[in-house]
$ cat start_26.csv   # CSV, C-alpha atoms
chain,number,residue,atom,x,y,z
A,65,MET,CA,29.9,-67.1,2.8
A,66,GLU,CA,31.0,-65.7,6.2
A,67,LEU,CA,29.2,-62.9,8.1
A,68,THR,CA,32.7,-61.3,8.4
A,69,TYR,CA,32.7,-60.5,4.6
A,70,LEU,CA,29.3,-58.8,4.8
A,71,LYS,CA,30.5,-56.8,7.9
A,72,THR,CA,33.6,-55.7,6.0
A,73,PHE,CA,31.4,-54.8,3.0
A,74,ARG,CA,29.2,-52.6,5.2
A,75,GLU,CA,32.2,-50.8,6.6
A,76,VAL,CA,33.6,-50.1,3.1
A,77,ALA,CA,30.2,-48.9,1.9
A,78,LYS,CA,29.9,-46.7,5.0
A,79,TRP,CA,33.3,-45.0,4.6
A,80,GLY,CA,33.8,-45.3,0.9
A,81,SER,CA,37.4,-46.3,1.6
A,82,TYR,CA,39.2,-49.6,2.0
A,83,THR,CA,41.8,-47.8,4.1
A,84,ARG,CA,39.2,-46.3,6.5
A,85,ALA,CA,37.4,-49.7,6.8
A,86,ALA,CA,40.7,-51.4,7.6
A,87,GLU,CA,41.4,-48.9,10.3
A,88,THR,CA,37.9,-49.3,11.8
A,89,LEU,CA,38.0,-53.1,11.8
A,90,GLY,CA,41.6,-53.5,12.7
A,91,TYR,CA,42.5,-55.5,9.5
A,92,ALA,CA,45.3,-55.0,7.0
A,93,GLN,CA,44.0,-53.3,3.9
A,94,SER,CA,45.0,-56.4,1.8
A,95,SER,CA,42.6,-58.4,3.9
A,96,ILE,CA,39.8,-55.9,3.2
A,97,THR,CA,40.5,-56.2,-0.5
A,98,THR,CA,40.5,-60.0,-0.4
A,99,GLN,CA,37.2,-60.2,1.4
A,100,ILE,CA,35.5,-57.8,-1.1
A,101,GLN,CA,36.9,-59.8,-4.0
A,102,LYS,CA,35.5,-63.1,-2.5
A,103,LEU,CA,32.1,-61.4,-2.2
A,104,GLU,CA,32.2,-60.3,-5.8
A,105,GLU,CA,33.3,-63.8,-6.9
A,106,ALA,CA,30.4,-65.3,-4.9
A,107,TYR,CA,27.8,-63.0,-6.5
A,108,GLY,CA,29.4,-62.8,-9.9
A,109,VAL,CA,29.1,-59.0,-9.9
A,110,VAL,CA,31.2,-55.9,-9.2
A,111,LEU,CA,30.1,-54.4,-5.9
A,112,LEU,CA,32.4,-51.4,-5.7
A,113,GLU,CA,34.1,-49.1,-8.2
A,114,ARG,CA,36.6,-46.4,-7.7
A,115,PHE,CA,35.2,-42.9,-7.8
A,116,GLY,CA,37.7,-40.1,-7.4
A,117,ARG,CA,39.8,-41.0,-4.3
A,118,GLY,CA,37.2,-43.2,-2.8
A,119,MET,CA,35.0,-46.2,-3.5
A,120,LYS,CA,31.4,-46.0,-4.6
A,121,LEU,CA,28.7,-48.7,-4.6
A,122,THR,CA,27.6,-50.1,-7.9
A,123,LEU,CA,23.9,-50.8,-8.4
A,124,ALA,CA,24.5,-54.4,-7.4
A,125,GLY,CA,26.4,-53.1,-4.4
A,126,GLU,CA,23.5,-50.9,-3.3
A,127,THR,CA,21.2,-53.9,-3.5
A,128,LEU,CA,23.5,-56.2,-1.5
A,129,LEU,CA,23.9,-53.5,1.1
A,130,GLN,CA,20.2,-53.6,1.9
A,131,TYR,CA,20.4,-57.3,2.5
A,132,ALA,CA,23.7,-57.0,4.4
A,133,ASN,CA,22.0,-54.5,6.8
A,134,ASP,CA,19.1,-56.9,7.3
A,135,ILE,CA,21.4,-59.8,7.9
A,136,HIS,CA,23.4,-57.7,10.4
A,137,ARG,CA,20.2,-56.7,12.2
A,138,LEU,CA,19.0,-60.4,12.4
A,139,HIS,CA,22.4,-61.5,13.6
A,140,GLU,CA,22.4,-59.0,16.4
A,141,GLU,CA,18.9,-60.0,17.4
A,142,SER,CA,19.9,-63.7,17.6
A,143,LYS,CA,22.8,-62.9,19.8
A,144,GLU,CA,20.6,-61.0,22.2
A,145,VAL,CA,18.0,-63.7,22.4
A,146,VAL,CA,20.6,-66.4,23.0
A,147,SER,CA,22.3,-64.4,25.7
A,148,LYS,CA,18.9,-63.9,27.4
A,149,GLN,CA,19.1,-60.1,26.8
A,150,SER,CA,21.4,-59.7,29.7
A,151,LYS,CA,24.1,-57.9,27.7
A,152,GLY,CA,24.4,-55.9,24.5
A,153,LYS,CA,24.4,-52.4,23.2
A,154,LEU,CA,21.8,-49.7,22.4
A,155,SER,CA,22.9,-47.0,19.9
A,156,ILE,CA,21.0,-43.7,20.1
A,157,GLY,CA,21.4,-40.8,17.7
A,158,THR,CA,20.5,-37.3,18.9
A,159,ILE,CA,21.4,-33.6,18.6
A,160,GLU,CA,23.7,-31.9,21.1
A,161,THR,CA,20.9,-30.0,22.8
A,162,LEU,CA,18.9,-33.1,23.7
A,163,ALA,CA,22.0,-35.2,24.6
A,164,ALA,CA,23.1,-32.5,27.1
A,165,PHE,CA,19.9,-31.2,28.5
A,166,CYS,CA,17.3,-34.0,28.1
A,167,LEU,CA,18.8,-37.5,28.2
A,168,PRO,CA,21.1,-37.7,31.2
A,169,PRO,CA,18.4,-38.4,33.9
A,170,TYR,CA,16.8,-41.0,31.7
A,171,LEU,CA,20.2,-42.7,31.0
A,172,GLN,CA,20.8,-42.8,34.7
A,173,LYS,CA,17.5,-44.6,35.4
A,174,TYR,CA,18.0,-46.9,32.4
A,175,ARG,CA,21.5,-47.9,33.7
A,176,GLY,CA,19.8,-48.9,37.0
A,177,GLU,CA,17.3,-51.1,35.2
A,178,TYR,CA,19.6,-52.5,32.4
A,179,PRO,CA,23.2,-52.5,33.8
A,180,GLY,CA,24.5,-54.9,31.2
A,181,ILE,CA,23.5,-52.7,28.2
A,182,ASN,CA,26.1,-50.4,26.8
A,183,VAL,CA,24.4,-47.2,25.7
A,184,ILE,CA,26.2,-45.4,22.8
A,185,ILE,CA,25.2,-41.8,22.1
A,186,GLN,CA,26.0,-40.7,18.6
A,187,PRO,CA,25.7,-37.0,18.1
A,188,GLY,CA,24.6,-35.6,14.7
A,189,ASN,CA,22.1,-33.4,12.9
A,190,GLU,CA,18.6,-34.6,12.1
A,191,PRO,CA,19.2,-35.7,8.4
A,192,TYR,CA,22.1,-37.9,9.6
A,193,ILE,CA,20.1,-39.4,12.5
A,194,ILE,CA,17.1,-40.2,10.3
A,195,GLU,CA,19.2,-41.9,7.6
A,196,SER,CA,21.2,-43.8,10.2
A,197,VAL,CA,18.1,-45.1,11.9
A,198,LYS,CA,16.6,-46.2,8.6
A,199,SER,CA,19.8,-48.0,7.6
A,200,GLY,CA,20.1,-49.8,10.9
A,201,GLU,CA,23.3,-48.1,11.9
A,202,LEU,CA,21.4,-46.6,14.9
A,203,ASP,CA,18.8,-48.3,17.0
A,204,ILE,CA,16.9,-45.1,18.1
A,205,GLY,CA,16.8,-41.5,17.0
A,206,ILE,CA,15.7,-38.6,19.2
A,207,ILE,CA,15.2,-35.5,17.0
A,208,LEU,CA,14.0,-31.9,17.3
A,209,ASP,CA,11.9,-31.2,14.3
A,210,PRO,CA,8.4,-30.2,13.2
A,211,PRO,CA,6.1,-33.2,13.3
A,212,PHE,CA,7.9,-35.9,11.4
A,213,LYS,CA,6.6,-38.9,9.4
A,214,ASP,CA,8.3,-41.6,7.3
A,215,PRO,CA,6.7,-44.8,6.0
A,216,ASP,CA,9.7,-46.8,7.2
A,217,LEU,CA,9.9,-45.4,10.7
A,218,HIS,CA,7.9,-45.4,13.9
A,219,CYS,CA,7.6,-41.8,14.9
A,220,SER,CA,6.2,-40.4,18.1
A,221,ILE,CA,6.1,-36.9,19.7
A,222,LEU,CA,7.5,-36.7,23.2
A,223,ARG,CA,6.9,-33.0,23.9
A,224,GLU,CA,6.8,-29.6,22.3
A,225,GLU,CA,9.9,-27.5,22.7
A,226,THR,CA,9.9,-23.7,22.9
A,227,LEU,CA,12.4,-21.9,20.7
A,228,VAL,CA,13.6,-18.6,22.0
A,229,PHE,CA,15.9,-15.8,20.9
A,230,ILE,CA,18.6,-15.3,23.5
A,231,THR,CA,20.1,-11.8,23.9
A,232,ASN,CA,22.4,-9.9,26.2
A,233,PRO,CA,20.3,-8.3,29.0
A,234,ASP,CA,21.0,-4.9,27.6
A,235,HIS,CA,19.9,-5.7,24.0
A,236,LYS,CA,16.8,-3.8,22.8
A,237,LEU,CA,14.9,-7.1,22.2
A,238,ALA,CA,15.5,-8.1,25.8
A,239,PHE,CA,12.6,-5.8,26.9
A,240,GLN,CA,10.0,-7.5,24.6
A,241,SER,CA,7.7,-10.3,25.6
A,242,GLU,CA,7.8,-11.9,22.1
A,243,VAL,CA,10.0,-11.8,19.0
A,244,HIS,CA,8.3,-11.6,15.6
A,245,ILE,CA,10.0,-11.9,12.3
A,246,GLU,CA,9.9,-8.2,11.6
A,247,ASP,CA,11.8,-7.6,14.9
A,248,LEU,CA,14.9,-9.2,13.3
A,249,GLU,CA,15.4,-6.5,10.7
A,250,GLY,CA,19.0,-5.4,10.8
A,251,GLU,CA,20.0,-7.8,13.6
A,252,SER,CA,23.3,-9.6,13.9
A,253,LEU,CA,22.6,-13.4,14.1
A,254,ILE,CA,24.6,-16.1,15.6
A,255,MET,CA,23.6,-19.5,14.2
A,256,THR,CA,24.0,-23.2,14.7
A,257,GLU,CA,25.7,-25.3,12.0
A,258,ASP,CA,24.2,-26.1,8.6
A,259,GLY,CA,21.9,-29.1,8.9
A,260,CYS,CA,20.1,-27.9,12.0
A,261,THR,CA,16.4,-27.9,11.5
A,262,TYR,CA,15.5,-24.8,13.4
A,263,ARG,CA,18.3,-22.9,11.7
A,264,ALA,CA,16.8,-23.9,8.3
A,265,MET,CA,13.4,-22.8,9.5
A,266,LEU,CA,14.7,-19.4,10.5
A,267,LEU,CA,16.6,-18.8,7.3
A,268,ASN,CA,13.5,-19.8,5.3
A,269,VAL,CA,11.2,-17.4,7.3
A,270,LEU,CA,13.7,-14.6,7.0
A,271,LYS,CA,14.0,-15.0,3.2
A,272,GLY,CA,10.2,-15.4,2.8
A,273,ASN,CA,9.6,-12.1,4.6
A,274,GLN,CA,12.5,-10.3,3.0
A,275,VAL,CA,14.1,-9.4,6.3
A,276,ASN,CA,17.6,-8.1,6.2
A,277,TYR,CA,20.1,-9.4,8.7
A,278,SER,CA,23.8,-10.1,9.1
A,279,LEU,CA,25.1,-13.6,9.9
A,280,SER,CA,27.8,-12.8,12.4
A,281,TYR,CA,28.9,-16.2,13.5
A,282,GLU,CA,28.2,-19.9,13.0
A,283,PHE,CA,29.1,-22.6,15.6
A,284,GLY,CA,28.5,-26.3,16.0
A,285,ASN,CA,28.8,-25.8,19.7
A,286,LEU,CA,26.0,-24.5,22.0
A,287,GLU,CA,28.4,-23.1,24.6
A,288,ALA,CA,30.2,-21.0,22.0
A,289,ILE,CA,26.9,-19.6,20.8
A,290,LYS,CA,25.8,-18.7,24.4
A,291,GLN,CA,29.1,-17.1,25.3
A,292,CYS,CA,28.9,-14.9,22.2
A,293,VAL,CA,25.4,-13.8,23.1
A,294,ILE,CA,26.6,-13.1,26.7
A,295,TYR,CA,29.3,-10.8,25.2
A,296,ASP,CA,26.6,-9.1,23.1
A,297,LEU,CA,28.1,-10.2,19.8
A,298,GLY,CA,24.6,-10.9,18.4
A,299,ILE,CA,21.4,-12.8,19.1
A,300,ALA,CA,20.7,-16.5,18.6
A,301,LEU,CA,17.7,-18.9,18.2
A,302,LEU,CA,17.9,-21.9,20.5
A,303,PRO,CA,15.6,-24.3,22.4
A,304,ARG,CA,14.8,-23.0,25.8
A,305,ILE,CA,15.9,-26.1,27.5
A,306,ALA,CA,19.5,-25.3,26.5
A,307,VAL,CA,19.7,-22.0,28.2
A,308,THR,CA,17.8,-22.4,31.6
A,309,GLU,CA,21.0,-22.0,33.6
A,310,GLU,CA,22.1,-18.9,31.9
A,311,ILE,CA,18.7,-17.4,32.4
A,312,ARG,CA,18.7,-18.2,36.1
A,313,LYS,CA,22.1,-16.5,36.5
A,314,GLY,CA,20.8,-13.4,34.6
A,315,GLN,CA,23.5,-13.7,31.9
A,316,ILE,CA,21.0,-13.7,29.1
A,317,VAL,CA,17.4,-13.0,28.4
A,318,ALA,CA,15.2,-15.5,26.4
A,319,ILE,CA,12.3,-14.3,24.4
A,320,PRO,CA,9.9,-16.7,22.6
A,321,PHE,CA,9.9,-16.6,18.8
A,322,VAL,CA,6.4,-16.4,17.6
A,323,HIS,CA,5.8,-17.6,14.1
A,324,PRO,CA,3.4,-20.2,12.5
A,325,GLU,CA,6.4,-22.3,11.3
A,326,CYS,CA,8.1,-22.3,14.7
A,327,ASN,CA,6.5,-25.4,16.0
A,328,PHE,CA,9.2,-27.9,17.0
A,329,TYR,CA,8.9,-31.2,19.0
A,330,THR,CA,11.2,-33.6,20.6
A,331,GLN,CA,10.4,-36.9,18.8
A,332,LEU,CA,11.4,-40.6,19.1
A,333,ILE,CA,12.1,-42.5,15.9
A,334,TYR,CA,13.0,-46.1,15.2
A,335,SER,CA,12.7,-48.5,12.3
A,336,LYS,CA,9.4,-50.4,11.8
A,337,LYS,CA,11.6,-53.4,11.1
A,338,LYS,CA,13.4,-53.1,14.4
A,339,TRP,CA,13.1,-56.2,16.6
A,340,LYS,CA,11.9,-54.9,20.0
A,341,SER,CA,14.1,-56.6,22.6
A,342,LYS,CA,13.3,-56.2,26.3
A,343,ALA,CA,16.1,-53.7,26.7
A,344,PHE,CA,15.1,-51.8,23.6
A,345,GLN,CA,11.5,-51.6,24.7
A,346,GLY,CA,12.6,-50.6,28.2
A,347,PHE,CA,14.3,-47.5,26.9
A,348,VAL,CA,11.4,-46.6,24.6
A,349,ASP,CA,9.0,-46.9,27.5
A,350,LEU,CA,11.2,-44.8,29.7
A,351,ILE,CA,11.8,-41.9,27.3
A,352,SER,CA,8.2,-41.9,26.3
A,353,GLU,CA,7.4,-40.8,29.9
A,354,THR,CA,9.2,-37.6,29.2
A,355,ASN,CA,7.9,-34.9,31.6
A,356,TYR,CA,11.0,-32.6,32.2
A,357,GLN,CA,10.1,-29.1,33.1
A,358,TYR,CA,11.8,-25.7,32.6
A,359,ASP,CA,13.4,-23.9,35.6
$ encode --input "start_26.csv" --output "structure tokens"
Amino acid sequence: MELTYLKTFREVAKWGSYTRAAETLGYAQSSITTQIQKLEEAYGVVLLERFGRGMKLTLAGETLLQYANDIHRLHEESKEVVSKQSKGKLSIGTIETLAAFCLPPYLQKYRGEYPGINVIIQPGNEPYIIESVKSGELDIGIILDPPFKDPDLHCSILREETLVFITNPDHKLAFQSEVHIEDLEGESLIMTEDGCTYRAMLLNVLKGNQVNYSLSYEFGNLEAIKQCVIYDLGIALLPRIAVTEEIRKGQIVAIPFVHPECNFYTQLIYSKKKWKSKAFQGFVDLISETNYQYD
């Protein structure tokens, strides 16, 4: 049985589509179908079944996927060892805030130490990052969350992040030193996309305290959120590291949100099964020295 068949199987499982897998791998769709059929013949089971317009793993397929992920991981490890760790890739999943305002100086230093390693940054929300790290699709995850634990993952806190409400300088809350949950009564809120952990925390706290508010806008882009606040279209909860430049320019005011559930930390996660190559460990050691400061 060839590794190619298992790679193809992983792609079909990932996308739930023969067509999408063929596009990703650069194969004809008929080739994808043939490879999956040969896998099913080899194991004597049905691995995928049609579900609506896509393909869904059977129970046997879900079992094989776990082994296929392990085989893929071991194959990648063997290639790195044989090539003396001089070349390869490192895939990192993180949220937009950390990708833009935390990682760049570390990536610059890492490139100097490991010029042959291709670093791939995969943006996403925390649930996606966590699952992708557990499945082996991502090598490392850097998340912003309350203290996180998972029996399958190594989890370490890098630093605490301050969450602030940003407002137009003329907004009534701009003159306060802190924002408490009751201060949000009747406010127009601008929020990040669904799946964001601090959005979920805020909505939960608002509901639990029966605070009335209006959800004015939702964006998956930080710059759009900041611009709407600058134009006084509402207020927004964001990590302070994402708004230091706008604060410096006097475009917005940032007021800390004070609440027992508002404790968020930048955290590093990776699979406990992960083989720690020199290049992998080098990045872990580098990012673990996090000491960036606010302006």
$ closest_atom_pairs --input "start_26.csv" --of "segment 193-304 of chain A" --to "segment 166-174 of chain A" --cutoff "12 Å" --atoms "all atoms listed in the file" --output "tab-separated table"
residue	atom	partner	partner_atom	distance
A:Ile206	CA	A:Leu167	CA	9.6
A:Ile207	CA	A:Cys166	CA	11.4
A:Leu208	CA	A:Cys166	CA	11.5
A:Leu222	CA	A:Cys166	CA	11.3
A:Arg223	CA	A:Cys166	CA	11.3
A:Glu225	CA	A:Cys166	CA	11.2
A:Pro303	CA	A:Cys166	CA	11.4
A:Arg304	CA	A:Cys166	CA	11.5
$ atom_distance --input "start_26.csv" --atom1 "atom CA of Ile100 of chain A" --atom2 "atom CA of Ala85 of chain A"
11.5 Å
$ atom_distance --input "start_26.csv" --atom1 "atom CA of Glu353 of chain A" --atom2 "atom CA of His218 of chain A"
16.7 Å
$ closest_residue --input "start_26.csv" --among "A:Leu138, A:Ala132, A:Leu332, A:Leu350" --to "Val197 of chain A" --atoms "only C-alpha atoms"
A:Leu332
$ residues_around --input "start_26.csv" --residues "segment 257-264 of chain A" --least-positions-apart "4" --cutoff "6 Å" --atoms "only C-alpha atoms" --output "ChimeraX atom specification"
/A:189,283-284
$ write_last_selection --input "start_26.csv" --atoms "C-alpha atoms" --output "PDB file, in the frame of the given file"
ATOM      1  CA  ASN A 189      22.100 -33.400  12.900  1.00  0.00           C
ATOM      2  CA  PHE A 283      29.100 -22.600  15.600  1.00  0.00           C
ATOM      3  CA  GLY A 284      28.500 -26.300  16.000  1.00  0.00           C
TER       4      GLY A 284
END
$ residues_around --input "start_26.csv" --residues "Leu253 of chain A" --least-positions-apart "2" --cutoff "9 Å" --atoms "all atoms listed in the file" --output "ChimeraX atom specification"
/A:248,251,255,277-282,297-301
$ write_last_selection --input "start_26.csv" --atoms "C-alpha atoms" --output "mmCIF file, in the coordinates of the input"
data_model
loop_
_atom_site.group_PDB
_atom_site.id
_atom_site.type_symbol
_atom_site.label_atom_id
_atom_site.label_comp_id
_atom_site.auth_asym_id
_atom_site.auth_seq_id
_atom_site.Cartn_x
_atom_site.Cartn_y
_atom_site.Cartn_z
ATOM 1 C CA LEU A 248 14.900 -9.200 13.300
ATOM 2 C CA GLU A 251 20.000 -7.800 13.600
ATOM 3 C CA MET A 255 23.600 -19.500 14.200
ATOM 4 C CA TYR A 277 20.100 -9.400 8.700
ATOM 5 C CA SER A 278 23.800 -10.100 9.100
ATOM 6 C CA LEU A 279 25.100 -13.600 9.900
ATOM 7 C CA SER A 280 27.800 -12.800 12.400
ATOM 8 C CA TYR A 281 28.900 -16.200 13.500
ATOM 9 C CA GLU A 282 28.200 -19.900 13.000
ATOM 10 C CA LEU A 297 28.100 -10.200 19.800
ATOM 11 C CA GLY A 298 24.600 -10.900 18.400
ATOM 12 C CA ILE A 299 21.400 -12.800 19.100
ATOM 13 C CA ALA A 300 20.700 -16.500 18.600
ATOM 14 C CA LEU A 301 17.700 -18.900 18.200
#
$ closest_residue --input "start_26.csv" --among "A:Leu111, A:Leu302, A:Ile245, A:Ala343" --to "Leu162 of chain A" --atoms "only C-alpha atoms"
A:Leu302
$ atom_distance --input "start_26.csv" --atom1 "atom CA of Thr256 of chain A" --atom2 "atom CA of Leu217 of chain A"
26.6 Å
$ closest_residue --input "start_26.csv" --among "A:Glu141, A:Glu75, A:Asp296, A:Glu325" --to "Met265 of chain A" --atoms "only C-alpha atoms"
A:Glu325
$ closest_residue --input "start_26.csv" --among "A:Ala77, A:Ile156, A:Ile333, A:Val110" --to "Pro187 of chain A" --atoms "only C-alpha atoms"
A:Ile156
$ residues_around --input "start_26.csv" --residues "Ile193 of chain A" --least-positions-apart "2" --cutoff "8 Å" --atoms "only C-alpha atoms" --output "list in words"
Gly157, Thr158, Gly188, Asn189, Glu190, Pro191, Glu195, Ser196, Val197, Leu202, Gly205 and Ile207 of chain A
$ residues_near_point --input "start_26.csv" --point "(23.4, -57.9, 18.5)" --cutoff "12 Å" --atoms "all atoms listed in the file" --output "ChimeraX atom specification"
/A:135-155,181-182,200-201,203,338-341,343-344
$ residues_around --input "start_26.csv" --residues "segment 236-242 of chain A" --least-positions-apart "3" --cutoff "6 Å" --atoms "only C-alpha atoms" --output "list in words"
Pro233, Val317, Ile319 and Pro320 of chain A
$ closest_residue --input "start_26.csv" --among "A:Cys219, A:Leu129, A:Leu67, A:Val76" --to "Glu113 of chain A" --atoms "all atoms listed in the file"
A:Val76
$ closest_residue --input "start_26.csv" --among "A:Ile185, A:Leu123, A:Ile230, A:Leu266" --to "Thr308 of chain A" --atoms "all atoms listed in the file"
A:Ile230
$ residues_around --input "start_26.csv" --residues "segment 214-216 of chain A" --least-positions-apart "5" --cutoff "10 Å" --atoms "only C-alpha atoms" --output "MDAnalysis selection string"
chainID A and resid 194 197:198 333:337
$ write_last_selection --input "start_26.csv" --atoms "C-alpha atoms" --output "compact mmCIF listing (two decimals), in the coordinates of the input"
# COMPACT_ATOMS: atom_id res chain seq x y z
CA ILE A 194 17.10 -40.20 10.30
CA VAL A 197 18.10 -45.10 11.90
CA LYS A 198 16.60 -46.20 8.60
CA ILE A 333 12.10 -42.50 15.90
CA TYR A 334 13.00 -46.10 15.20
CA SER A 335 12.70 -48.50 12.30
CA LYS A 336 9.40 -50.40 11.80
CA LYS A 337 11.60 -53.40 11.10
$ decode --input "start_26.csv" --residues "segment 129-141 of chain A" --atoms "N, CA and C atoms" --output "short mmCIF file (atom, residue, chain, number, x, y, z; two decimals), in the first residue's frame"
data_model
loop_
_atom_site.label_atom_id
_atom_site.label_comp_id
_atom_site.auth_asym_id
_atom_site.auth_seq_id
_atom_site.Cartn_x
_atom_site.Cartn_y
_atom_site.Cartn_z
N LEU A 129 -8.39 7.01 9.64
CA LEU A 129 -7.87 8.37 9.61
C LEU A 129 -6.90 8.62 10.76
N GLN A 130 -7.19 8.07 11.92
CA GLN A 130 -6.28 8.23 13.05
C GLN A 130 -4.91 7.63 12.74
N TYR A 131 -4.91 6.43 12.14
CA TYR A 131 -3.64 5.80 11.76
C TYR A 131 -2.97 6.56 10.63
N ALA A 132 -3.75 7.04 9.69
CA ALA A 132 -3.18 7.79 8.56
C ALA A 132 -2.50 9.06 9.05
N ASN A 133 -3.09 9.72 10.04
CA ASN A 133 -2.47 10.92 10.61
C ASN A 133 -1.15 10.58 11.29
N ASP A 134 -1.13 9.46 12.03
CA ASP A 134 0.11 9.03 12.69
C ASP A 134 1.18 8.66 11.67
N ILE A 135 0.78 7.96 10.61
CA ILE A 135 1.74 7.57 9.58
C ILE A 135 2.31 8.80 8.89
N HIS A 136 1.43 9.78 8.61
CA HIS A 136 1.89 11.03 7.99
C HIS A 136 2.90 11.73 8.89
N ARG A 137 2.58 11.79 10.19
CA ARG A 137 3.48 12.45 11.13
C ARG A 137 4.85 11.76 11.17
N LEU A 138 4.84 10.42 11.25
CA LEU A 138 6.10 9.67 11.30
C LEU A 138 6.89 9.81 10.01
N HIS A 139 6.17 9.88 8.88
CA HIS A 139 6.86 10.05 7.60
C HIS A 139 7.55 11.41 7.53
N GLU A 140 6.86 12.46 8.02
CA GLU A 140 7.47 13.79 8.03
C GLU A 140 8.68 13.83 8.94
N GLU A 141 8.59 13.14 10.08
CA GLU A 141 9.73 13.08 11.00
C GLU A 141 10.93 12.40 10.35
#
